[in-house]
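Visitor: PDB, C-alpha atoms, file data.pdb:
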ATOM      1  CA  MET A 223      -6.282  24.116   0.978
ATOM      2  CA  ARG A 224      -8.751  26.914   0.343
ATOM      3  CA  ALA A 225     -12.042  26.288  -1.496
ATOM      4  CA  PRO A 226     -11.690  29.448  -3.677
ATOM      5  CA  LEU A 227      -8.943  27.580  -5.505
ATOM      6  CA  LEU A 228     -11.642  25.511  -7.229
ATOM      7  CA  ALA A 229     -12.620  28.585  -9.250
ATOM      8  CA  PHE A 230      -9.325  28.268 -11.140
ATOM      9  CA  ARG A 231     -10.161  24.869 -12.593
ATOM     10  CA  PRO A 232     -10.412  25.028 -16.407
ATOM     11  CA  ALA A 233     -13.957  24.843 -17.738
ATOM     12  CA  ARG A 234     -13.431  21.486 -19.443
ATOM     13  CA  VAL A 235     -12.124  19.990 -16.195
ATOM     14  CA  VAL A 236     -15.265  21.117 -14.378
ATOM     15  CA  GLU A 237     -17.405  19.568 -17.125
ATOM     16  CA  ARG A 238     -15.591  16.262 -16.740
ATOM     17  CA  LEU A 239     -15.857  16.130 -12.937
ATOM     18  CA  GLY A 240     -18.762  14.833 -10.915
ATOM     19  CA  PRO A 241     -20.972  17.468  -9.267
ATOM     20  CA  ARG A 242     -19.541  16.774  -5.796
ATOM     21  CA  SER A 243     -15.901  16.437  -6.794
ATOM     22  CA  ALA A 244     -13.446  18.717  -5.004
ATOM     23  CA  ALA A 245     -10.543  17.545  -7.171
ATOM     24  CA  CYS A 246      -8.471  20.544  -8.176
ATOM     25  CA  PRO A 247      -6.605  20.052 -11.466
ATOM     26  CA  LEU A 248      -5.307  23.488 -12.462
ATOM     27  CA  SER A 249      -3.697  24.826 -15.595
ATOM     28  CA  SER A 250       0.071  24.674 -15.301
ATOM     29  CA  LYS A 251       0.010  28.149 -16.889
ATOM     30  CA  ASP A 252      -1.541  29.503 -13.682
ATOM     31  CA  LEU A 253       0.743  27.480 -11.419
ATOM     32  CA  LEU A 254       3.849  28.602 -13.290
ATOM     33  CA  ARG A 255       2.814  32.239 -13.076
ATOM     34  CA  ALA A 256       2.383  31.923  -9.311
ATOM     35  CA  ALA A 257       5.494  29.794  -8.695
ATOM     36  CA  ALA A 258       8.001  31.745 -10.786
ATOM     37  CA  PRO A 259       8.449  34.809  -8.503
ATOM     38  CA  LEU A 260       8.804  32.456  -5.538
ATOM     39  CA  HIS A 261      11.491  30.333  -7.233
ATOM     40  CA  LEU A 262       9.556  27.163  -6.373
ATOM     41  CA  PRO A 263       9.838  24.160  -8.737
ATOM     42  CA  LEU A 264       6.921  22.236 -10.225
ATOM     43  CA  PRO A 265       7.429  18.457  -9.913
ATOM     44  CA  LEU A 266       5.961  16.036 -12.447
ATOM     45  CA  VAL A 267       5.546  12.311 -11.763
ATOM     46  CA  ARG A 268       4.807   9.837 -14.547
ATOM     47  CA  ALA A 269       1.674   8.009 -13.374
ATOM     48  CA  PRO A 270       0.836   4.897 -15.413
ATOM     49  CA  THR A 271      -1.241   3.118 -12.739
ATOM     50  CA  PRO A 272      -3.676   3.978  -9.934
ATOM     51  CA  GLY A 273      -1.088   2.757  -7.408
ATOM     52  CA  VAL A 274       1.458   5.287  -8.636
ATOM     53  CA  MET A 275      -1.194   8.017  -8.673
ATOM     54  CA  ARG A 276      -2.157   7.302  -5.066
ATOM     55  CA  ALA A 277       1.454   7.070  -3.910
ATOM     56  CA  ALA A 278       2.389  10.374  -5.529
ATOM     57  CA  LEU A 279      -0.694  12.166  -4.183
ATOM     58  CA  VAL A 280      -0.112  10.974  -0.617
ATOM     59  CA  ALA A 281       3.556  11.991  -0.883
ATOM     60  CA  ALA A 282       2.581  15.430  -2.200
ATOM     61  CA  LYS A 283       0.223  16.011   0.720
ATOM     62  CA  GLN A 284       2.847  14.770   3.177
ATOM     63  CA  ALA A 285       5.462  17.105   1.655
ATOM     64  CA  ARG A 286       2.868  19.868   1.149
ATOM     65  CA  SER A 287       3.918  20.142  -2.472
ATOM     66  CA  VAL A 288       2.157  21.057  -5.670
ATOM     67  CA  LEU A 289       2.164  17.997  -7.944
ATOM     68  CA  GLY A 290       1.938  17.191 -11.623
ATOM     69  CA  LEU A 291       0.833  13.756 -12.832
ATOM     70  CA  GLY A 292       1.880  12.636 -16.292
ATOM     71  CA  LEU A 293      -0.176  10.568 -18.727
ATOM     72  CA  PRO A 294       1.894   7.609 -19.991
ATOM     73  CA  ALA A 295       2.554   7.416 -23.720
ATOM     74  CA  GLY A 296      -0.178   5.595 -25.610
ATOM     75  CA  ALA A 297      -2.668   5.566 -22.729
ATOM     76  CA  ASP A 298      -6.351   6.413 -23.134
ATOM     77  CA  PRO A 299      -6.545   9.987 -21.751
ATOM     78  CA  GLU A 300     -10.247   9.805 -20.869
ATOM     79  CA  ALA A 301      -9.858   6.624 -18.811
ATOM     80  CA  TRP A 302      -6.650   7.925 -17.237
ATOM     81  CA  PHE A 303      -8.370  11.174 -16.194
ATOM     82  CA  ARG A 304     -11.157   9.194 -14.520
ATOM     83  CA  ARG A 305      -8.640   7.126 -12.548
ATOM     84  CA  VAL A 306      -6.764  10.244 -11.454
ATOM     85  CA  ILE A 307      -9.934  11.955 -10.254
ATOM     86  CA  GLU A 308     -11.019   8.855  -8.347
ATOM     87  CA  ALA A 309      -7.659   8.860  -6.555
ATOM     88  CA  VAL A 310      -7.752  12.609  -5.917
ATOM     89  CA  ASP A 311     -11.301  12.588  -4.550
ATOM     90  CA  GLY A 312     -10.301   9.856  -2.121
ATOM     91  CA  LEU A 313      -6.954  11.254  -1.015
ATOM     92  CA  ALA A 314      -6.275  14.843  -2.060
ATOM     93  CA  ALA A 315      -9.440  16.907  -2.472
ATOM     94  CA  LEU A 316      -8.701  20.624  -2.949
ATOM     95  CA  TRP A 317      -5.012  19.841  -3.503
ATOM     96  CA  PRO A 318      -3.367  21.826  -6.356
ATOM     97  CA  ILE A 319      -2.289  19.469  -9.136
ATOM     98  CA  PHE A 320      -1.805  19.630 -12.880
ATOM     99  CA  LEU A 321      -2.360  16.839 -15.383
ATOM    100  CA  ALA A 322       0.148  16.618 -18.204
ATOM    101  CA  GLY A 323      -0.072  14.933 -21.577
ATOM    102  CA  GLU A 324       2.404  14.855 -24.427
ATOM    103  CA  VAL A 325       1.988  14.987 -28.199
ATOM    104  CA  VAL A 326       4.895  13.920 -30.405
ATOM    105  CA  VAL A 327       5.012  15.664 -33.788
ATOM    106  CA  GLU A 328       6.290  12.949 -36.094
ATOM    107  CA  GLY A 329       6.994  15.095 -39.152
ATOM    108  CA  ALA A 330       6.532  18.469 -40.804
ATOM    109  CA  GLU A 331       4.150  17.306 -43.536
ATOM    110  CA  PRO A 332       0.471  18.362 -43.236
ATOM    111  CA  SER A 333      -0.777  14.877 -42.349
ATOM    112  CA  SER A 334       1.602  14.608 -39.382
ATOM    113  CA  LEU A 335       0.707  18.089 -38.159
ATOM    114  CA  GLU A 336      -3.005  17.353 -38.397
ATOM    115  CA  ALA A 337      -2.561  14.077 -36.489
ATOM    116  CA  ALA A 338      -0.672  15.915 -33.734
ATOM    117  CA  ARG A 339      -3.285  18.669 -33.651
ATOM    118  CA  ALA A 340      -6.080  16.087 -33.252
ATOM    119  CA  ALA A 341      -4.146  14.300 -30.495
ATOM    120  CA  ALA A 342      -3.701  17.602 -28.645
ATOM    121  CA  TRP A 343      -7.425  18.316 -28.795
ATOM    122  CA  ARG A 344      -8.176  14.857 -27.441
ATOM    123  CA  LEU A 345      -5.956  15.530 -24.422
ATOM    124  CA  ALA A 346      -7.607  18.905 -23.826
ATOM    125  CA  ASP A 347     -11.099  17.429 -24.160
ATOM    126  CA  ALA A 348     -10.215  14.627 -21.753
ATOM    127  CA  GLY A 349      -9.560  17.175 -18.992
ATOM    128  CA  LEU A 350      -5.773  17.432 -18.997
ATOM    129  CA  THR A 351      -4.383  20.811 -17.981
ATOM    130  CA  HIS A 352      -0.880  20.812 -19.470
ATOM    131  CA  LEU A 353       0.105  20.092 -23.072
ATOM    132  CA  ALA A 354       3.689  19.185 -23.949
ATOM    133  CA  VAL A 355       4.503  19.306 -27.663
ATOM    134  CA  ASP A 356       7.564  17.220 -28.528
ATOM    135  CA  LEU A 357       9.288  18.873 -31.498
ATOM    136  CA  SER A 358      12.498  16.850 -31.297
ATOM    137  CA  ARG A 359      11.840  14.884 -34.502
ATOM    138  CA  LEU A 360      11.505  17.977 -36.645
ATOM    139  CA  PRO A 361      14.220  20.020 -38.313
ATOM    140  CA  ALA A 362      14.887  23.288 -36.525
ATOM    141  CA  GLU A 363      13.344  25.424 -39.257
ATOM    142  CA  ALA A 364       9.999  23.558 -39.044
ATOM    143  CA  ARG A 365       9.476  23.711 -35.288
ATOM    144  CA  ALA A 366       7.808  27.096 -34.917
ATOM    145  CA  ASP A 367       5.282  26.354 -37.680
ATOM    146  CA  ALA A 368       4.464  22.997 -36.086
ATOM    147  CA  LEU A 369       3.931  24.582 -32.704
ATOM    148  CA  ARG A 370       1.505  27.106 -34.226
ATOM    149  CA  VAL A 371      -0.683  24.220 -35.414
ATOM    150  CA  VAL A 372      -0.502  21.866 -32.448
ATOM    151  CA  ALA A 373      -0.812  24.560 -29.757
ATOM    152  CA  GLU A 374      -4.369  25.441 -30.766
ATOM    153  CA  ALA A 375      -6.037  23.299 -28.082
ATOM    154  CA  ALA A 376      -3.870  24.632 -25.259
ATOM    155  CA  LEU A 377      -4.352  28.228 -26.321
ATOM    156  CA  GLU A 378      -8.131  27.996 -26.654
ATOM    157  CA  ARG A 379      -8.580  26.118 -23.366
ATOM    158  CA  GLY A 380      -6.079  28.125 -21.313
ATOM    159  CA  LEU A 381      -3.828  25.142 -20.644
ATOM    160  CA  GLY A 382      -0.119  25.269 -19.984
ATOM    161  CA  LEU A 383       1.867  24.892 -23.210
ATOM    162  CA  GLU A 384       5.270  23.211 -23.163
ATOM    163  CA  CYS A 385       7.706  23.196 -26.077
ATOM    164  CA  GLN A 386       9.863  20.093 -25.746
ATOM    165  CA  VAL A 387      13.204  19.540 -27.495
ATOM    166  CA  GLU A 388      16.205  17.276 -27.000
ATOM    167  CA  ALA A 389      19.054  18.630 -24.887
ATOM    168  CA  GLY A 390      21.373  18.881 -27.882
ATOM    169  CA  ALA A 391      18.970  21.293 -29.591
ATOM    170  CA  ALA A 392      18.928  23.847 -26.771
ATOM    171  CA  LEU A 393      20.852  26.392 -28.820
ATOM    172  CA  GLY A 394      18.040  26.479 -31.377
ATOM    173  CA  VAL A 395      15.233  27.127 -28.874
ATOM    174  CA  PRO A 396      15.519  30.952 -28.915
ATOM    175  CA  GLY A 397      14.946  30.772 -32.664
ATOM    176  CA  ILE A 398      11.510  29.233 -32.067
ATOM    177  CA  PHE A 399      10.594  32.196 -29.873
ATOM    178  CA  SER A 400      11.953  34.624 -32.443
ATOM    179  CA  ASP A 401       9.794  33.047 -35.157
ATOM    180  CA  LEU A 402       6.752  33.276 -32.876
ATOM    181  CA  ALA A 403       7.369  36.883 -31.818
ATOM    182  CA  ASP A 404       4.131  38.816 -31.230
ATOM    183  CA  GLU A 405       2.029  35.650 -31.605
ATOM    184  CA  ASP A 406      -0.228  33.889 -29.108
ATOM    185  CA  ALA A 407       1.524  30.546 -29.684
ATOM    186  CA  GLN A 408       4.475  31.433 -27.455
ATOM    187  CA  PRO A 409       4.949  28.479 -25.070
ATOM    188  CA  ASP A 410       4.673  28.929 -21.312
ATOM    189  CA  LEU A 411       7.490  26.492 -20.709
ATOM    190  CA  VAL A 412      10.449  25.010 -22.570
ATOM    191  CA  SER A 413      11.694  21.570 -21.615
ATOM    192  CA  LEU A 414      14.869  19.695 -22.443
ATOM    193  CA  GLN A 415      14.911  15.918 -22.730
ATOM    194  CA  CYS A 416      18.053  14.877 -20.871
ATOM    195  CA  ARG A 417      19.822  11.582 -20.324
ATOM    196  CA  ALA A 418      20.595  10.212 -16.874
ATOM    197  CA  ALA A 419      23.525  12.096 -15.391
ATOM    198  CA  ALA A 420      26.427   9.705 -14.783
ATOM    199  CA  GLY A 421      27.785  11.232 -11.601
ATOM    200  CA  PRO A 422      27.935  14.641  -9.914
ATOM    201  CA  ALA A 423      30.062  16.253 -12.633
ATOM    202  CA  ALA A 424      27.616  15.237 -15.365
ATOM    203  CA  ALA A 425      24.707  16.439 -13.222
ATOM    204  CA  GLN A 426      26.327  19.837 -12.757
ATOM    205  CA  ALA A 427      27.018  20.066 -16.488
ATOM    206  CA  GLN A 428      23.352  19.359 -17.266
ATOM    207  CA  VAL A 429      22.171  21.993 -14.816
ATOM    208  CA  LYS A 430      24.648  24.473 -16.261
ATOM    209  CA  GLY A 431      23.099  23.905 -19.698
ATOM    210  CA  LEU A 432      19.603  24.401 -18.288
ATOM    211  CA  LEU A 433      20.645  27.604 -16.552
ATOM    212  CA  ASP A 434      22.255  28.876 -19.722
ATOM    213  CA  LEU A 435      18.976  28.326 -21.557
ATOM    214  CA  CYS A 436      17.101  30.124 -18.754
ATOM    215  CA  GLY A 437      19.316  33.135 -19.331
ATOM    216  CA  ARG A 438      18.916  33.137 -23.105
ATOM    217  CA  LEU A 439      15.120  32.848 -22.926
ATOM    218  CA  SER A 440      14.784  35.982 -20.764
ATOM    219  CA  GLY A 441      12.314  34.730 -18.194
ATOM    220  CA  THR A 442      10.521  31.890 -19.981
ATOM    221  CA  PRO A 443      10.498  28.951 -17.547
ATOM    222  CA  VAL A 444      12.743  25.981 -18.347
ATOM    223  CA  PHE A 445      11.844  22.435 -17.307
ATOM    224  CA  ARG A 446      13.902  19.242 -17.226
ATOM    225  CA  ARG A 447      12.642  15.938 -18.626
ATOM    226  CA  GLY A 448      14.326  12.543 -18.353
ATOM    227  CA  PRO A 449      15.787  10.178 -15.744
ATOM    228  CA  VAL A 450      16.904  11.724 -12.468
ATOM    229  CA  THR A 451      19.537  10.913  -9.871
ATOM    230  CA  PRO A 452      20.069  12.267  -6.343
ATOM    231  CA  ALA A 453      23.100  14.221  -7.592
ATOM    232  CA  LEU A 454      21.041  15.776 -10.399
ATOM    233  CA  LEU A 455      18.205  16.772  -8.058
ATOM    234  CA  ALA A 456      20.696  18.228  -5.576
ATOM    235  CA  SER A 457      22.181  20.353  -8.355
ATOM    236  CA  LEU A 458      18.720  21.539  -9.437
ATOM    237  CA  ARG A 459      17.530  22.431  -5.958
ATOM    238  CA  GLY A 460      17.336  26.176  -5.462
ATOM    239  CA  SER A 461      18.168  26.901  -9.115
ATOM    240  CA  PRO A 462      16.051  29.029 -11.496
ATOM    241  CA  VAL A 463      14.959  25.861 -13.349
ATOM    242  CA  ALA A 464      11.155  25.857 -13.141
ATOM    243  CA  GLY A 465      10.633  22.165 -12.516
ATOM    244  CA  CYS A 466      11.559  18.589 -13.197
ATOM    245  CA  GLU A 467       9.974  15.328 -14.250
ATOM    246  CA  ASP A 468      10.777  12.236 -12.177
ATOM    247  CA  GLY A 469      11.786  10.320 -15.308
ATOM    248  CA  GLY A 470       9.724   7.284 -14.282
ATOM    249  CA  LEU A 471      11.442   6.928 -10.898
ATOM    250  CA  VAL A 472       8.242   6.548  -8.879
ATOM    251  CA  ALA A 473       6.619   4.143 -11.350
ATOM    252  CA  ALA A 474       9.761   1.988 -11.339
ATOM    253  CA  ALA A 475       9.546   1.684  -7.556
ATOM    254  CA  ALA A 476       5.950   0.480  -7.850
ATOM    255  CA  LEU A 477       6.170  -1.756 -10.909
ATOM    256  CA  GLN A 478       9.724  -3.134 -10.684
ATOM    257  CA  GLY A 479       9.634  -4.614 -14.175
ATOM    258  CA  LEU A 480       5.893  -5.345 -14.328
ATOM    259  CA  ASP A 481       3.550  -3.659 -16.764
ATOM    260  CA  ALA A 482       0.344  -2.023 -15.594
ATOM    261  CA  GLU A 483      -1.788  -5.059 -16.481
ATOM    262  CA  ALA A 484       0.448  -7.411 -14.491
ATOM    263  CA  GLU A 485       0.415  -5.037 -11.528
ATOM    264  CA  ALA A 486      -3.383  -5.085 -11.487
ATOM    265  CA  SER A 487      -3.348  -8.872 -11.071
ATOM    266  CA  LEU A 488      -1.179  -8.787  -7.930
ATOM    267  CA  GLY A 489      -2.597  -9.634  -4.533
ATOM    268  CA  GLU A 490      -3.641  -6.816  -2.212
ATOM    269  CA  GLY A 491      -0.663  -7.269   0.094
ATOM    270  CA  GLU A 492       1.911  -7.126  -2.690
ATOM    271  CA  ARG A 493       0.211  -4.120  -4.294
ATOM    272  CA  SER A 494       0.252  -2.347  -0.934
ATOM    273  CA  ARG A 495       3.975  -3.022  -0.480
ATOM    274  CA  ARG A 496       4.742  -1.718  -3.951
ATOM    275  CA  GLU A 497       2.601   1.360  -3.387
ATOM    276  CA  THR A 498       4.513   2.063  -0.180
ATOM    277  CA  ARG A 499       7.813   1.887  -2.077
ATOM    278  CA  ALA A 500       6.389   4.271  -4.672
ATOM    279  CA  TYR A 501       5.249   6.665  -1.936
ATOM    280  CA  LEU A 502       8.745   6.723  -0.428
ATOM    281  CA  ALA A 503      10.310   7.297  -3.859
ATOM    282  CA  ALA A 504       7.863  10.144  -4.583
ATOM    283  CA  LEU A 505       8.458  11.759  -1.195
ATOM    284  CA  GLU A 506      12.213  11.616  -1.666
ATOM    285  CA  PHE A 507      11.897  13.074  -5.173
ATOM    286  CA  LEU A 508       9.821  16.016  -3.936
ATOM    287  CA  GLU A 509      12.140  16.731  -1.037
ATOM    288  CA  GLN A 510      15.364  16.424  -3.056
ATOM    289  CA  LEU A 511      13.971  18.702  -5.765
ATOM    290  CA  GLY A 512      13.050  21.356  -3.202
ATOM    291  CA  ALA A 513       9.311  21.185  -3.897
ATOM    292  CA  ALA A 514       8.355  20.362  -0.297
ATOM    293  CA  GLY A 515       6.273  23.135   1.225
ATOM    294  CA  SER A 516       5.462  24.699  -2.152
ATOM    295  CA  ALA A 517       1.680  24.215  -2.192
ATOM    296  CA  HIS A 518       0.622  26.891   0.284
ATOM    297  CA  PRO A 519       2.789  29.776  -1.028
ATOM    298  CA  ILE A 520       1.909  28.978  -4.650
ATOM    299  CA  VAL A 521      -1.814  28.870  -3.877
ATOM    300  CA  GLU A 522      -1.637  32.120  -1.912
ATOM    301  CA  ALA A 523       0.263  33.798  -4.750
ATOM    302  CA  LEU A 524      -2.294  32.565  -7.282
ATOM    303  CA  LEU A 525      -5.206  33.898  -5.246
ATOM    304  CA  ARG A 526      -3.405  37.190  -4.640
ATOM    305  CA  GLN A 527      -2.601  37.649  -8.338
ATOM    306  CA  ALA A 528      -6.249  36.984  -9.213
ATOM    307  CA  GLY A 529      -7.363  39.619  -6.711
ATOM    308  CA  GLU A 530      -4.934  42.140  -8.124
ATOM    309  CA  ARG A 531      -6.280  41.595 -11.645
ATOM    310  CA  ARG A 532      -9.893  42.233 -10.655
ATOM    311  CA  PRO A 533     -11.191  45.702 -11.608
TER
END
Transcribe the structure of this file into structure tokens.
Guide:
Amino acid sequence: MRAPLLAFRPARVVERLGPRSAACPLSSKDLLRAAAPLHLPLPLVRAPTPGVMRAALVAAKQARSVLGLGLPAGADPEAWFRRVIEAVDGLAALWPIFLAGEVVVEGAEPSSLEAARAAAWRLADAGLTHLAVDLSRLPAEARADALRVVAEAALERGLGLECQVEAGAALGVPGIFSDLADEDAQPDLVSLQCRAAAGPAAAQAQVKGLLDLCGRLSGTPVFRRGPVTPALLASLRGSPVAGCEDGGLVAAAALQGLDAEAEASLGEGERSRRETRAYLAALEFLEQLGAAGSAHPIVEALLRQAGERRP
């Protein structure tokens, strides 16, 4: 990868990195802008442990894919960021990645909104480059107002902003955009939380719903969250859907029922075997999604767009 890419790292990321680090966490806002005209998907892997981080990074380099790593729910974002950067510096310097964290808005009352706003700022301050705001627990009429409050950190830091709703609420998503018309709080990405597709027909039905939302949002990228299957990924491949989360697939291959603490106590040989299984799962996920080979064209598009914007 090209060293000029490091100039795109958000300022807070640079502050959090060591002086010699060539880790390249980028804002998903920038990656989405570069990937969209190329119809290349952004993959996101849930990464609860260093073993999963390493496996996913090696797979991304092997597949030559852009990669997102997701902070697990309830994890310490500062410690997680440090572990990611340690893995990246050892395995994937200069590689384009994004680091995603999620904030769940528990209610529409001021105390819940303030708690979500504070959680979002903590993620931004920790060095994450993508903020997902889960609005699924709110009534439809309260979602735009909540997003205005919680999006503050992403907007001020130039991070990617994701509006997340449950699949059954897809019809109400355009209303959020209508309520936010002519405001800076418009999300860069809308995601639907989907269940595992039980067979090819269910997978095709899910993708049809995602494509319908793509059409109704007039160009705003749509992302899929939730468990994946080979049939689902095959249906997504080549579609206008902007990306997909692995739904915990890679972590399951590494942990196989263990929690992160138990995994850390395993012997070196067993950890290595589990990490290999995670690598194979990550590589298959990237290839089935159609993300293989995406890194170079996305980086070139990003650099080209930056050159075109210079006076």
Visitor: Which residues, written as a JSON list (two decimals) with C-alpha atoms, in the frame of the given file, have at least one atom at most 12 Å from segment 484-493 of chain A, with only C-alpha atoms counted and residues fewer than 4 positions away on the same chain left out?
Guide:
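out.json was written with the following content:
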[["chain", "number", "residue", "atom", "x", "y", "z"],
["A", 270, "PRO", "CA", 0.84, 4.90, -15.41],
["A", 271, "THR", "CA", -1.24, 3.12, -12.74],
["A", 272, "PRO", "CA", -3.68, 3.98, -9.93],
["A", 273, "GLY", "CA", -1.09, 2.76, -7.41],
["A", 274, "VAL", "CA", 1.46, 5.29, -8.64],
["A", 276, "ARG", "CA", -2.16, 7.30, -5.07],
["A", 277, "ALA", "CA", 1.45, 7.07, -3.91],
["A", 473, "ALA", "CA", 6.62, 4.14, -11.35],
["A", 474, "ALA", "CA", 9.76, 1.99, -11.34],
["A", 475, "ALA", "CA", 9.55, 1.68, -7.56],
["A", 476, "ALA", "CA", 5.95, 0.48, -7.85],
["A", 477, "LEU", "CA", 6.17, -1.76, -10.91],
["A", 478, "GLN", "CA", 9.72, -3.13, -10.68],
["A", 479, "GLY", "CA", 9.63, -4.61, -14.18],
["A", 480, "LEU", "CA", 5.89, -5.34, -14.33],
["A", 497, "GLU", "CA", 2.60, 1.36, -3.39],
["A", 498, "THR", "CA", 4.51, 2.06, -0.18],
["A", 499, "ARG", "CA", 7.81, 1.89, -2.08],
["A", 500, "ALA", "CA", 6.39, 4.27, -4.67]]
Visitor: Could you tell me how far atom CA of Ala407 of chain A lies from atom CA of Gly290 of chain A, in Å and to one decimal?
Guide: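 For atom CA of Ala407 of chain A relative to atom CA of Gly290 of chain A, the distance reads 22.5 Å.
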Visitor: For each of A:Arg526, A:Lys283, A:Arg365, A:Arg446, take the minimum atom-to-atom distance to Leu505 of chain A, counting only C-alpha atoms, then give the residue where this is smallest.
Guide: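 Closest to Leu505 of chain A of all the choices is A:Lys283.
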Visitor: For the file shown, report as a ChimeraX atom specification the outcome of the PyMOL selection byres ((chain A and resi 366) around 9) at residue level.
Guide: /A:362-365,367-371,397-402,407
Visitor: With a distance cut-off of 12 Å and only C-alpha atoms, select the neighbouring residues of Arg438 of chain A, excluding the residue or stretch itself and same-chain residues fewer than 6 positions from it, and output the selection as a list in words.
Guide: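 So, after excluding close chain neighbours, the residues are Ala392, Leu393, Gly394, Val395, Pro396, Gly397, Phe399, Ser400, Val412, Gly431, Leu432 and Val444 of chain A.
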Visitor: Between A:Gln527, A:Glu384, A:Arg238, A:Ala419, which has the minimum distance to Arg304 of chain A (counting only C-alpha atoms)?
Guide: A:Arg238
Visitor: What would segment 353-372 of chain A look like with N, CA and C atoms restored, written as an mmCIF file, keeping the file's coordinate frame?
Guide:
data_model
loop_
_atom_site.group_PDB
_atom_site.id
_atom_site.type_symbol
_atom_site.label_atom_id
_atom_site.label_comp_id
_atom_site.auth_asym_id
_atom_site.auth_seq_id
_atom_site.Cartn_x
_atom_site.Cartn_y
_atom_site.Cartn_z
ATOM 1 N N LEU A 353 -0.195 20.730 -21.789
ATOM 2 C CA LEU A 353 0.105 20.092 -23.072
ATOM 3 C C LEU A 353 1.571 20.279 -23.398
ATOM 4 N N ALA A 354 2.296 19.161 -23.512
ATOM 5 C CA ALA A 354 3.689 19.185 -23.949
ATOM 6 C C ALA A 354 3.735 18.776 -25.412
ATOM 7 N N VAL A 355 4.375 19.588 -26.229
ATOM 8 C CA VAL A 355 4.503 19.306 -27.663
ATOM 9 C C VAL A 355 5.961 18.963 -27.942
ATOM 10 N N ASP A 356 6.206 17.707 -28.274
ATOM 11 C CA ASP A 356 7.564 17.220 -28.528
ATOM 12 C C ASP A 356 7.930 17.517 -29.981
ATOM 13 N N LEU A 357 8.864 18.446 -30.155
ATOM 14 C CA LEU A 357 9.288 18.873 -31.498
ATOM 15 C C LEU A 357 10.635 18.271 -31.887
ATOM 16 N N SER A 358 11.124 17.324 -31.120
ATOM 17 C CA SER A 358 12.498 16.850 -31.297
ATOM 18 C C SER A 358 12.733 16.109 -32.608
ATOM 19 N N ARG A 359 11.663 15.623 -33.250
ATOM 20 C CA ARG A 359 11.840 14.884 -34.502
ATOM 21 C C ARG A 359 11.793 15.769 -35.735
ATOM 22 N N LEU A 360 11.623 17.049 -35.523
ATOM 23 C CA LEU A 360 11.505 17.977 -36.645
ATOM 24 C C LEU A 360 12.808 18.728 -36.864
ATOM 25 N N PRO A 361 13.078 19.117 -38.097
ATOM 26 C CA PRO A 361 14.220 20.020 -38.313
ATOM 27 C C PRO A 361 13.953 21.361 -37.648
ATOM 28 N N ALA A 362 15.018 22.045 -37.284
ATOM 29 C CA ALA A 362 14.887 23.288 -36.525
ATOM 30 C C ALA A 362 13.989 24.304 -37.219
ATOM 31 N N GLU A 363 14.096 24.399 -38.536
ATOM 32 C CA GLU A 363 13.344 25.424 -39.257
ATOM 33 C C GLU A 363 11.845 25.146 -39.310
ATOM 34 N N ALA A 364 11.421 23.906 -38.978
ATOM 35 C CA ALA A 364 9.999 23.558 -39.044
ATOM 36 C C ALA A 364 9.307 23.613 -37.693
ATOM 37 N N ARG A 365 10.046 23.861 -36.627
ATOM 38 C CA ARG A 365 9.476 23.711 -35.288
ATOM 39 C C ARG A 365 8.473 24.800 -34.927
ATOM 40 N N ALA A 366 8.747 26.022 -35.260
ATOM 41 C CA ALA A 366 7.808 27.096 -34.917
ATOM 42 C C ALA A 366 6.484 26.914 -35.649
ATOM 43 N N ASP A 367 6.522 26.566 -36.926
ATOM 44 C CA ASP A 367 5.282 26.354 -37.680
ATOM 45 C C ASP A 367 4.478 25.201 -37.098
ATOM 46 N N ALA A 368 5.168 24.136 -36.678
ATOM 47 C CA ALA A 368 4.464 22.997 -36.086
ATOM 48 C C ALA A 368 3.798 23.390 -34.777
ATOM 49 N N LEU A 369 4.496 24.169 -33.983
ATOM 50 C CA LEU A 369 3.931 24.582 -32.704
ATOM 51 C C LEU A 369 2.694 25.446 -32.903
ATOM 52 N N ARG A 370 2.687 26.284 -33.924
ATOM 53 C CA ARG A 370 1.505 27.106 -34.226
ATOM 54 C C ARG A 370 0.269 26.225 -34.415
ATOM 55 N N VAL A 371 0.444 25.105 -35.097
ATOM 56 C CA VAL A 371 -0.683 24.220 -35.414
ATOM 57 C C VAL A 371 -1.123 23.436 -34.186
ATOM 58 N N VAL A 372 -0.172 22.809 -33.516
ATOM 59 C CA VAL A 372 -0.502 21.866 -32.448
ATOM 60 C C VAL A 372 -0.935 22.578 -31.173
#
